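> This structure is in structure tokens; I'll ask about it shortly.
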There are 4 protein chains.
Amino acid sequence: MGDSLGKFFTITSFGESHSRCVGIIVGGCPAGLAITEEDIQSEVDRRKPGAGMGATRRVEEDVVEILSGVFNGRTTGAPMCLLAWNKDVDSSEYEKVRFLPRPGHADYTAFMKYGGFNDFRGGGRFSGRITAPFVMAGAVAKKLLNLVGIEVLAHTVEIGGIKAEPKGFDEIRKNVEKNSVRCADPKAAQAMSRAIEKVGQEGDSIGGVIECVAVNVPVGLGEPVFDTLEGDLAKGLFAIPAVKGVEFGSGFSSAEKRGSENNDAFIIRNGRIVTVTNNAGGILGGISNGMPIVGRVAIKPTPSVAKVQETVNVQNMEGDSLEIRGRHDVCIVPRVVPVVEAMTEVILCDFAMRAGIIPGVLK
Amino acid sequence: MGDSLGKFFTITSFGESHSRCVGIIVGGCPAGLAITEEDIQSEVDRRKPGAGMGATRRVEEDVVEILSGVFNGRTTGAPMCLLAWNKDVDSSEYEKVRFLPRPGHADYTAFMKYGGFNDFRGGGRFSGRITAPFVMAGAVAKKLLNLVGIEVLAHTVEIGGIKAEPKGFDEIRKNVEKNSVRCADPKAAQAMSRAIEKVGQEGDSIGGVIECVAVNVPVGLGEPVFDTLEGDLAKGLFAIPAVKGVEFGSGFSSAEKRGSENNDAFIIRNGRIVTVTNNAGGILGGISNGMPIVGRVAIKPTPSVAKVQETVNVQNMEGDSLEIRGRHDVCIVPRVVPVVEAMTEVILCDFAMRAGIIPGVLK
Amino acid sequence: MGDSLGKFFTITSFGESHSRCVGIIVGGCPAGLAITEEDIQSEVDRRKPGAGMGATRRVEEDVVEILSGVFNGRTTGAPMCLLAWNKDVDSSEYEKVRFLPRPGHADYTAFMKYGGFNDFRGGGRFSGRITAPFVMAGAVAKKLLNLVGIEVLAHTVEIGGIKAEPKGFDEIRKNVEKNSVRCADPKAAQAMSRAIEKVGQEGDSIGGVIECVAVNVPVGLGEPVFDTLEGDLAKGLFAIPAVKGVEFGSGFSSAEKRGSENNDAFIIRNGRIVTVTNNAGGILGGISNGMPIVGRVAIKPTPSVAKVQETVNVQNMEGDSLEIRGRHDVCIVPRVVPVVEAMTEVILCDFAMRAGIIPGVLK
Amino acid sequence: MGDSLGKFFTITSFGESHSRCVGIIVGGCPAGLAITEEDIQSEVDRRKPGAGMGATRRVEEDVVEILSGVFNGRTTGAPMCLLAWNKDVDSSEYEKVRFLPRPGHADYTAFMKYGGFNDFRGGGRFSGRITAPFVMAGAVAKKLLNLVGIEVLAHTVEIGGIKAEPKGFDEIRKNVEKNSVRCADPKAAQAMSRAIEKVGQEGDSIGGVIECVAVNVPVGLGEPVFDTLEGDLAKGLFAIPAVKGVEFGSGFSSAEKRGSENNDAFIIRNGRIVTVTNNAGGILGGISNGMPIVGRVAIKPTPSVAKVQETVNVQNMEGDSLEIRGRHDVCIVPRVVPVVEAMTEVILCDFAMRAGIIPGVLK
């Protein structure tokens, strides 16, 4: 219960931080899509801890394997099992703190919900590691979306209070992979990197905001009243650990706007109906309106900080404290960028298939 | 497709602004719940246009009828059909602007998605009117939640840039229905009312932020990795027209926080594990942690403003303009408060049933 | 939970035998379908107790009302609420036998599952009456299927051991409504009628078998491995009270056949690939193969018989007996024929939409 | 789409006959269940081609691996990935007949539905091999059901027209694994074996009927009106290749019975309400009534026969013929017995969890 997402293009997640592997079943992919392990690998590699500042010390090779659903280099219409083996597993230190839930992590809720049977090593099922398979599924969705011209890009727009200047889609595409924080504004990127370095030296962590933009999305994706584009995107995005907020278009800032200001006037440009502004983030009534889909997610600071924290021993119910020594990122935001992109692609792909825009069989 | 929500406690929405009725099917409600039409009516009445400022001129009686699923004053275990007849329907003015989509509304996307067959009168399926049945379902959920001690309250925390001071749960409960903007901070409420009045006089509209708090939620609700508490609440809340953002706990502000600051330390209080702060908004790893669930939704300003707006005639594809003369609210926020509360209750009720906290049959 | 069926073209059932109405929400119907209450009424009328032998004395007008989802005579893309009011309700006699479950009925299981809160009048939620709305949904599906050339016909092939001779599709179409038992073999029909009369005079009841045939179904409907055409049709058909078996093609008789005999050889006829025989009932691997879909359902004899039956008083847990005096059919088979047809249409329509054969918007 | 089954206890199937593996994701399994690969292996081994007559020559070791969801010998609450690697793969001969669909197999429908991209080797996704993972999931469900006293047994009741005498549950349990046809009637078993031998010598194949019985099922499983026990069991069972019919209790034979004969009278025995007969197969109104659940499935004769068969070349659309030389079983029925048992266990387990009979966490 709760392991699957999507109606047409579906994903079913499995694996834990220290189980034998992490993986995903991708169902409903049209037959005939040319795809290789390399195609998927290149996306998954983007999620790896970079050479940059503040990255985790854990090094997984995360070699993608396609176990089913592909034959002679093309999808067969059968579900794809995609996975990466967990190789670099050192679980000794987790045993020691088994009964000391780390503040900000899911240790406490997992312990309570699963009666202490949860695999607590490395956060188990709640580890950021389960997002590597999200990216695998996203790589499949990306190929499908590209076939119909839809392109999705995520990028960092804020880290620790430092905000990037708004950039156009082409500039985002050009810049986003050029710096370790995945920010399309080079100047802000530098400031963000310095902030991360400083915070890391203090043994602390820092959060941020990721924006995701999808262009060339046709009018009509979304199935209101409940399967709205915003609602299903949000549901998918909240499955990414550390996400605590999702907004579209002018989002929370619309609370401060007037209607006359926030409404996007319709005009005709190049024979197509477009809006002058895009405060709606490309979505009206839960349905895409042909403008770029623009969403933003709030990423909380990594809960793993190198400071003594107050906690409770859940076994003997006594107050205690802990100091996290394990591997962790000072700022997870740059690594979450490809995950946000992937999840957006998965959801858009599902809606595009529901709408018949991506056919059931490719030629 | 897209008309149902929930797994155990399910709702299926139907009806359009000017169809014969708006209604909802509530499935999975445990047998044996004492409930009357009056119980539901009193909640639905909260959603009505108030005597307050800036309210729509349309007056519906919204008399709730229970057509099935209740026998001798108790639920039978069968689905409940709840509805209100649409009586006060004046659709003449809509015909005139049929091909002129109103900016900010779903007219354009509905027209395109449904090939022009959508019922365009009063926004049709995309009208705020479909939220009256959401409140009916919420009234059922509220009774179920109350049986296990869970209480949910929504209240206005921001309108047009005016922010309320944070208030405790008891104060919210005491104050929220005392002013027409449903704000627990009386001083801010006054300022909000004045702002609405002023904006209305200018023929404009204004948005805001609603907070929703649920107390006494036991640890363990939520079914990660995809059916997270945040994700399913967000999906439900985005089904409410005008919602453009959803956040939990410190939400978007966590982007500016340090981990050491944002983490909620665990301590023992009265023999129970609690957290000192509640930046997590009561949710860790997508699962409730026993602290109050705190979410906030951004409500965009009502798109209906009494100003000339630029639009396009979708029939002849020529630029045009319109001036909306129909009924509308200057600020929809206060009327959305009970809807946010209801939707939160529906989702929490579903999770409480999945977790076995609310049983399948009541005694 | 359990009130909805379908993925694209969905139905959500509500109502009980003596609640205010019985109805159904039809979701996912393409926008632009021309449909009237009369279209639906004519199908529902087929389910009414005929002038024929052995029919129930209860007379409902079953006037179909469309409450939503249709505007200017065409579907809008929004869910349709279809219902019929329950008018002729005499529930006095049910109170007397409230605690005496009738053998073969769902009284006992409903009482136990819903803690005695179930609406026991007339079988409540388990009454055959809830199938009237199934037929309403079927009427919508029928129109959609007809648009793409698919035609579905159900007919009685066995009543009380009397078996009809196999008939071609055209003959079934011509004959099925010509006799009160809805059997395409006129000679068998007469024998069936006589059998029903005789059994009725003895105060007993009798069952039968209904066959359902769908022609012009394109190759490719069905979504294995779990959403097979057989599996989803069977699930839908078992929702009809009194159905105790479902088979396709040679079905149970294939247990006695050799592979060389049961296999359907492929040949080319009129430029199309067809099979010489149709032991597969038009389904291979859970997917339609272009041949007629042929299914059969076993209908148990009506449990309401005018004989003293042994039962147990569930209140005082003492053995007791009862004699059913209420309204009942000696043989329900002829009235179930349009229900089997309707349910088959609903499921096929859902699969045709999933396969993109029926588009999301009609022109 | 179509790869998952179940609401609480869910299974997601993946793998093809000649892909790298066949496997299944089991979701919703309560945390705390003690389970090992050996527990699952012993069930999967029952599905292997026996030493008996008429078995396939393909020998897979089918070594079960648990890749996730189990930690320290107990389930963690996270989804379990269970699989077996495909080792013994000889696909050369399939290439030759790629465009010649075998009668009775899914080759034709798979080719058409997936545009020729389907993995045609060994039947690909439509191979009986995908049922090995069904048995893995069944092994998990079996352990859960046993914890609450529910026991499920399948056995062969007919092969090629030879019918077994009815046997009591204890006798079935004692006898079923004692002969190669898995028939609880030793005399019939001998005749069946001889029939298989004879048919095999003739290069032909033969079908049969499998009965499945579940005892100690509490009253109340099933979620009408659509998620009936019969409907969901049938849907699951039709996912097993070769199943062409499903019936419960007196099933198709009820068509020949009178109501007075078919009704099961209620009496009290040992303080519990039971029925004197069990023509309902333990299900009334789609809900278990506390009596043994009794279902039967029709298994068509294996389509692979060693005779020349007429077919069509789908590439050049010319009539052709083929002679299947690959591996195949003369009678698949005995090997399907554990699959029917497993699928029944999976579905019952899902319903038991929905009803709260199996808790979310085991102690």
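In the structure tokens, chains take the letters A, B, ... in the order shown, each chain's residues start at 1, and ligands count up from 1 in the order shown.
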Residues of chain A that have any atom at most 6 Å from an atom of chain B: could you tabulate them with the shortest-distance atom pair and the distance in Å to one decimal, using only C-alpha atoms, ordered by chain and increasing number, as a tab-separated table?

residue	atom	partner	partner_atom	distance
A:Gly2	CA	B:Asp227	CA	4.7
A:Asp3	CA	B:Phe226	CA	5.8
A:Pro103	CA	B:Ala265	CA	5.4
A:Gly104	CA	B:Asn263	CA	4.8
A:Ala106	CA	B:Gly285	CA	4.6
A:Thr109	CA	B:Asn289	CA	5.7
A:Lys113	CA	B:Gly220	CA	4.8
A:Gly160	CA	B:Glu256	CA	4.3
A:Gly161	CA	B:Glu256	CA	4.6
A:Ser205	CA	B:Gly259	CA	4.8
A:Ile206	CA	B:Arg258	CA	4.8
A:Gly207	CA	B:Ala255	CA	4.4
A:Gly208	CA	B:Ala255	CA	4.0
A:Gly220	CA	B:Lys113	CA	4.8
A:Glu223	CA	B:Gly2	CA	5.1
A:Pro224	CA	B:Gly2	CA	5.6
A:Val225	CA	B:Ala239	CA	5.7
A:Phe226	CA	B:Gly2	CA	5.2
A:Asp227	CA	B:Gly2	CA	4.7
A:Gly231	CA	B:Lys235	CA	3.9
A:Asp232	CA	B:Lys235	CA	6.0
A:Lys235	CA	B:Gly231	CA	3.9
A:Phe238	CA	B:Gly231	CA	5.0
A:Ala239	CA	B:Phe226	CA	5.2
A:Lys244	CA	B:Gly251	CA	4.9
A:Gly245	CA	B:Glu247	CA	3.9
A:Val246	CA	B:Val246	CA	5.5
A:Glu247	CA	B:Gly245	CA	3.9
A:Phe248	CA	B:Lys244	CA	5.5
A:Gly251	CA	B:Lys244	CA	4.9
A:Phe252	CA	B:Ala298	CA	4.9
A:Ser254	CA	B:Lys300	CA	5.1
A:Ala255	CA	B:Gly208	CA	4.0
A:Glu256	CA	B:Gly160	CA	4.4
A:Arg258	CA	B:Ile206	CA	4.8
A:Gly259	CA	B:Pro301	CA	4.8
A:Asn263	CA	B:Gly104	CA	4.7
A:Asp264	CA	B:Pro103	CA	5.6
A:Ala265	CA	B:Glu310	CA	5.3
A:Phe266	CA	B:Thr311	CA	4.4
A:Ile267	CA	B:Val312	CA	5.8
A:Leu284	CA	B:Ala106	CA	5.0
A:Gly285	CA	B:Ala106	CA	4.6
A:Asn289	CA	B:Thr109	CA	5.6
A:Ala298	CA	B:Phe252	CA	4.9
A:Lys300	CA	B:Ser254	CA	5.1
A:Pro301	CA	B:Gly259	CA	4.8
A:Thr302	CA	B:Gly259	CA	5.9
A:Pro303	CA	B:Gly259	CA	5.4
A:Glu310	CA	B:Ala265	CA	5.3
A:Thr311	CA	B:Phe266	CA	4.4
A:Val312	CA	B:Phe266	CA	5.7
> Can those selected residues be exported to a file as a compact mmCIF listing (two decimals), in the first residue's frame so that it contains N, CA and C atoms?

# COMPACT_ATOMS: atom_id res chain seq x y z
N GLY A 2 0.70 2.06 -1.01
CA GLY A 2 1.45 3.29 -1.07
C GLY A 2 2.75 3.20 -1.84
N ASP A 3 3.01 2.07 -2.49
CA ASP A 3 4.28 1.90 -3.20
C ASP A 3 4.18 2.23 -4.68
N PRO A 103 16.50 13.63 15.16
CA PRO A 103 15.53 14.71 14.89
C PRO A 103 15.49 15.06 13.40
N GLY A 104 14.30 15.29 12.91
CA GLY A 104 14.14 15.69 11.51
C GLY A 104 14.12 14.52 10.55
N ALA A 106 12.99 10.33 9.62
CA ALA A 106 11.79 9.51 9.77
C ALA A 106 11.99 8.36 10.75
N THR A 109 9.01 7.99 13.35
CA THR A 109 7.72 7.57 12.79
C THR A 109 7.81 6.16 12.20
N LYS A 113 5.46 3.20 13.39
CA LYS A 113 4.48 2.66 12.44
C LYS A 113 4.72 1.18 12.18
N GLY A 160 19.50 28.53 1.23
CA GLY A 160 19.80 29.28 2.45
C GLY A 160 19.56 30.76 2.35
N GLY A 161 18.47 31.14 1.73
CA GLY A 161 18.12 32.55 1.66
C GLY A 161 18.71 33.28 0.46
N SER A 205 23.59 22.38 8.38
CA SER A 205 23.09 22.10 7.04
C SER A 205 22.15 23.22 6.61
N ILE A 206 21.72 23.14 5.36
CA ILE A 206 20.99 24.27 4.80
C ILE A 206 20.03 23.77 3.71
N GLY A 207 18.88 24.43 3.59
CA GLY A 207 17.87 24.00 2.61
C GLY A 207 17.79 24.91 1.41
N GLY A 208 16.69 24.81 0.67
CA GLY A 208 16.56 25.65 -0.50
C GLY A 208 15.26 25.43 -1.25
N GLY A 220 -4.54 20.77 -22.07
CA GLY A 220 -5.46 19.68 -21.81
C GLY A 220 -4.97 18.57 -20.90
N GLU A 223 -6.78 15.83 -15.03
CA GLU A 223 -8.11 15.21 -14.99
C GLU A 223 -8.85 15.66 -13.75
N PRO A 224 -9.36 16.89 -13.76
CA PRO A 224 -10.08 17.38 -12.59
C PRO A 224 -11.36 16.55 -12.37
N VAL A 225 -11.96 16.63 -11.18
CA VAL A 225 -11.63 17.60 -10.18
C VAL A 225 -10.54 17.12 -9.21
N PHE A 226 -10.28 15.81 -9.14
CA PHE A 226 -9.29 15.37 -8.14
C PHE A 226 -7.91 15.11 -8.74
N ASP A 227 -7.88 14.57 -9.94
CA ASP A 227 -6.57 14.31 -10.55
C ASP A 227 -6.09 15.54 -11.31
N GLY A 231 -2.31 18.79 -8.30
CA GLY A 231 -2.47 17.82 -7.22
C GLY A 231 -1.59 16.59 -7.42
N ASP A 232 -1.57 16.06 -8.63
CA ASP A 232 -0.78 14.85 -8.86
C ASP A 232 0.71 15.15 -8.90
N LYS A 235 1.61 15.51 -5.24
CA LYS A 235 1.68 14.21 -4.57
C LYS A 235 2.99 13.50 -4.91
N PHE A 238 5.99 15.34 -3.17
CA PHE A 238 6.09 15.14 -1.72
C PHE A 238 6.62 13.75 -1.38
N ALA A 239 6.71 12.88 -2.36
CA ALA A 239 7.32 11.56 -2.11
C ALA A 239 8.83 11.66 -2.03
N LYS A 244 8.94 19.95 1.65
CA LYS A 244 7.94 20.39 2.63
C LYS A 244 6.95 21.40 2.07
N GLY A 245 7.09 21.74 0.79
CA GLY A 245 6.13 22.66 0.18
C GLY A 245 6.19 22.56 -1.32
N VAL A 246 5.04 22.78 -1.96
CA VAL A 246 4.95 22.76 -3.42
C VAL A 246 4.03 23.90 -3.85
N GLU A 247 4.47 24.67 -4.82
CA GLU A 247 3.61 25.74 -5.32
C GLU A 247 3.75 25.85 -6.83
N PHE A 248 2.75 26.42 -7.46
CA PHE A 248 2.75 26.57 -8.91
C PHE A 248 2.52 28.03 -9.27
N GLY A 251 2.08 31.03 -6.90
CA GLY A 251 2.05 30.29 -5.64
C GLY A 251 1.71 31.11 -4.42
N PHE A 252 2.54 31.00 -3.38
CA PHE A 252 2.25 31.70 -2.14
C PHE A 252 2.30 33.21 -2.30
N SER A 254 0.94 34.79 -4.56
CA SER A 254 -0.35 35.26 -5.07
C SER A 254 -1.23 35.75 -3.92
N ALA A 255 -0.89 35.32 -2.72
CA ALA A 255 -1.66 35.77 -1.55
C ALA A 255 -1.54 37.27 -1.38
N GLU A 256 -0.51 37.83 -1.95
CA GLU A 256 -0.29 39.27 -1.78
C GLU A 256 -0.67 40.06 -3.03
N ARG A 258 -3.24 41.31 -6.26
CA ARG A 258 -4.60 41.60 -6.67
C ARG A 258 -4.98 40.71 -7.84
N GLY A 259 -6.25 40.46 -8.01
CA GLY A 259 -6.71 39.65 -9.13
C GLY A 259 -6.31 40.26 -10.47
N ASN A 263 -4.15 37.71 -12.73
CA ASN A 263 -4.75 37.10 -13.91
C ASN A 263 -3.81 37.20 -15.10
N ASP A 264 -3.77 36.16 -15.89
CA ASP A 264 -2.94 36.16 -17.10
C ASP A 264 -3.84 36.41 -18.30
N ALA A 265 -3.68 37.58 -18.92
CA ALA A 265 -4.52 37.92 -20.07
C ALA A 265 -4.20 37.00 -21.25
N PHE A 266 -5.24 36.65 -22.00
CA PHE A 266 -5.05 35.83 -23.20
C PHE A 266 -4.79 36.73 -24.41
N ILE A 267 -3.82 36.35 -25.20
CA ILE A 267 -3.61 37.02 -26.48
C ILE A 267 -3.25 35.96 -27.53
N LEU A 284 -4.57 25.98 -15.35
CA LEU A 284 -5.84 26.62 -14.98
C LEU A 284 -6.89 25.53 -14.76
N GLY A 285 -7.52 25.56 -13.60
CA GLY A 285 -8.53 24.54 -13.32
C GLY A 285 -7.94 23.15 -13.24
N ASN A 289 -2.52 24.77 -19.68
CA ASN A 289 -3.09 25.75 -20.61
C ASN A 289 -2.17 26.06 -21.78
N ALA A 298 9.91 23.33 -1.86
CA ALA A 298 10.77 23.74 -0.74
C ALA A 298 11.48 22.50 -0.20
N LYS A 300 13.78 21.15 2.81
CA LYS A 300 14.24 21.51 4.15
C LYS A 300 15.73 21.21 4.29
N PRO A 301 16.41 21.87 5.21
CA PRO A 301 17.83 21.56 5.42
C PRO A 301 17.99 20.10 5.84
N THR A 302 19.04 19.46 5.35
CA THR A 302 19.32 18.08 5.73
C THR A 302 19.25 17.93 7.25
N PRO A 303 18.49 16.98 7.74
CA PRO A 303 18.40 16.84 9.19
C PRO A 303 19.70 16.36 9.83
N GLU A 310 19.17 16.75 20.97
CA GLU A 310 18.36 16.13 22.01
C GLU A 310 17.41 15.11 21.37
N THR A 311 17.31 13.95 22.00
CA THR A 311 16.35 12.97 21.50
C THR A 311 15.89 12.09 22.66
N VAL A 312 15.13 11.07 22.34
CA VAL A 312 14.59 10.18 23.36
C VAL A 312 14.92 8.75 22.95
> According to DSSP computed on the backbone, where in region 184-313 of chain B is there strand (DSSP E)? Give the residues as number ranges by chain.
B: 208-215, 243-248, 266-269, 272-275, 283-284, 287-288, 293-299, 308-313
> Give me the residues within 8 Å of Phe8 (chain A) as an mmCIF file with all heavy atoms, in the first residue's frame, counting only C-alpha atoms and dropping any in the same chain fewer than 3 places off.

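Below is the file that was written, out-v4.cif:
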data_model
loop_
_atom_site.group_PDB
_atom_site.id
_atom_site.type_symbol
_atom_site.label_atom_id
_atom_site.label_comp_id
_atom_site.auth_asym_id
_atom_site.auth_seq_id
_atom_site.Cartn_x
_atom_site.Cartn_y
_atom_site.Cartn_z
ATOM 1 N N GLY A 27 5.595 0.600 -15.266
ATOM 2 C CA GLY A 27 4.527 -0.064 -16.030
ATOM 3 C C GLY A 27 3.892 0.890 -17.011
ATOM 4 O O GLY A 27 3.943 2.111 -16.850
ATOM 5 N N GLY A 28 3.275 0.351 -18.022
ATOM 6 C CA GLY A 28 2.518 1.175 -18.955
ATOM 7 C C GLY A 28 3.364 1.916 -19.966
ATOM 8 O O GLY A 28 2.829 2.710 -20.750
ATOM 9 N N ASP A 350 2.508 10.328 -17.408
ATOM 10 C CA ASP A 350 1.254 9.630 -17.100
ATOM 11 C C ASP A 350 0.066 10.407 -17.665
ATOM 12 O O ASP A 350 -0.821 9.841 -18.315
ATOM 13 C CB ASP A 350 1.131 9.470 -15.583
ATOM 14 C CG ASP A 350 -0.056 8.599 -15.191
ATOM 15 O OD1 ASP A 350 -0.462 7.740 -15.984
ATOM 16 O OD2 ASP A 350 -0.570 8.778 -14.064
ATOM 17 N N PHE A 351 0.052 11.710 -17.436
ATOM 18 C CA PHE A 351 -1.059 12.522 -17.943
ATOM 19 C C PHE A 351 -1.067 12.568 -19.475
ATOM 20 O O PHE A 351 -2.132 12.562 -20.084
ATOM 21 C CB PHE A 351 -0.997 13.938 -17.369
ATOM 22 C CG PHE A 351 -1.614 14.060 -16.015
ATOM 23 C CD1 PHE A 351 -0.847 14.316 -14.892
ATOM 24 C CD2 PHE A 351 -2.985 13.899 -15.860
ATOM 25 C CE1 PHE A 351 -1.435 14.424 -13.636
ATOM 26 C CE2 PHE A 351 -3.581 14.006 -14.608
ATOM 27 C CZ PHE A 351 -2.798 14.271 -13.490
ATOM 28 N N MET A 353 -0.130 10.250 -21.409
ATOM 29 C CA MET A 353 -0.676 8.982 -21.889
ATOM 30 C C MET A 353 -2.173 8.912 -21.671
ATOM 31 O O MET A 353 -2.912 8.422 -22.520
ATOM 32 C CB MET A 353 0.032 7.807 -21.214
ATOM 33 C CG MET A 353 1.484 7.697 -21.672
ATOM 34 S SD MET A 353 2.214 6.093 -21.274
ATOM 35 C CE MET A 353 1.279 5.017 -22.392
ATOM 36 N N ARG A 354 -2.634 9.397 -20.533
ATOM 37 C CA ARG A 354 -4.087 9.436 -20.292
ATOM 38 C C ARG A 354 -4.790 10.242 -21.371
ATOM 39 O O ARG A 354 -5.901 9.931 -21.777
ATOM 40 C CB ARG A 354 -4.393 10.075 -18.933
ATOM 41 C CG ARG A 354 -3.884 9.293 -17.749
ATOM 42 C CD ARG A 354 -4.561 9.803 -16.495
ATOM 43 N NE ARG A 354 -3.669 9.787 -15.345
ATOM 44 C CZ ARG A 354 -4.021 10.161 -14.133
ATOM 45 N NH1 ARG A 354 -5.247 10.602 -13.906
ATOM 46 N NH2 ARG A 354 -3.169 10.121 -13.131
ATOM 47 N N MET D 1 0.356 -0.199 -16.628
ATOM 48 C CA MET D 1 -1.088 -0.407 -16.500
ATOM 49 C C MET D 1 -1.424 -1.888 -16.522
ATOM 50 O O MET D 1 -1.051 -2.576 -17.463
ATOM 51 C CB MET D 1 -1.808 0.284 -17.660
ATOM 52 C CG MET D 1 -3.292 0.317 -17.487
ATOM 53 S SD MET D 1 -4.101 1.518 -18.581
ATOM 54 C CE MET D 1 -3.649 0.933 -20.186
#
> Can you list every residue in region 163-315 of chain B that DSSP puts in alpha helix (DSSP H), as a ChimeraX atom specification?
/B:169-175,186-201,229-238,259-262
> By how many Å are CA of Lys187 (chain C) and CA of Met343 (chain C) apart?
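Calculated distance between CA of Lys187 (chain C) and CA of Met343 (chain C) is 27.8 Å.
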> Which residues, written as a list in words, have at least one atom at most 8 Å from Val181 (chain A), with only C-alpha atoms counted and residues fewer than 5 positions away on the same chain left out?
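Once the nearby chain positions are removed, what remains is Thr156, Ala189, Met192, Ser193, Val333 and Pro334 of chain A.
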> Can you pull out every residue within 7 Å of region 164-171 of chain A, counting only C-alpha atoms, but drop anything in the same chain fewer than 5 positions away, and send it as a ChimeraX atom specification?
/A:157-158,184-185,188
> Find the residue from B:Gly73, B:Pro133, B:Gly138, B:Gly116 that sits nearest to Val346 (chain B); use only C-alpha atoms when measuring.
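Closest to Val346 (chain B), using only C-alpha atoms: B:Gly138.
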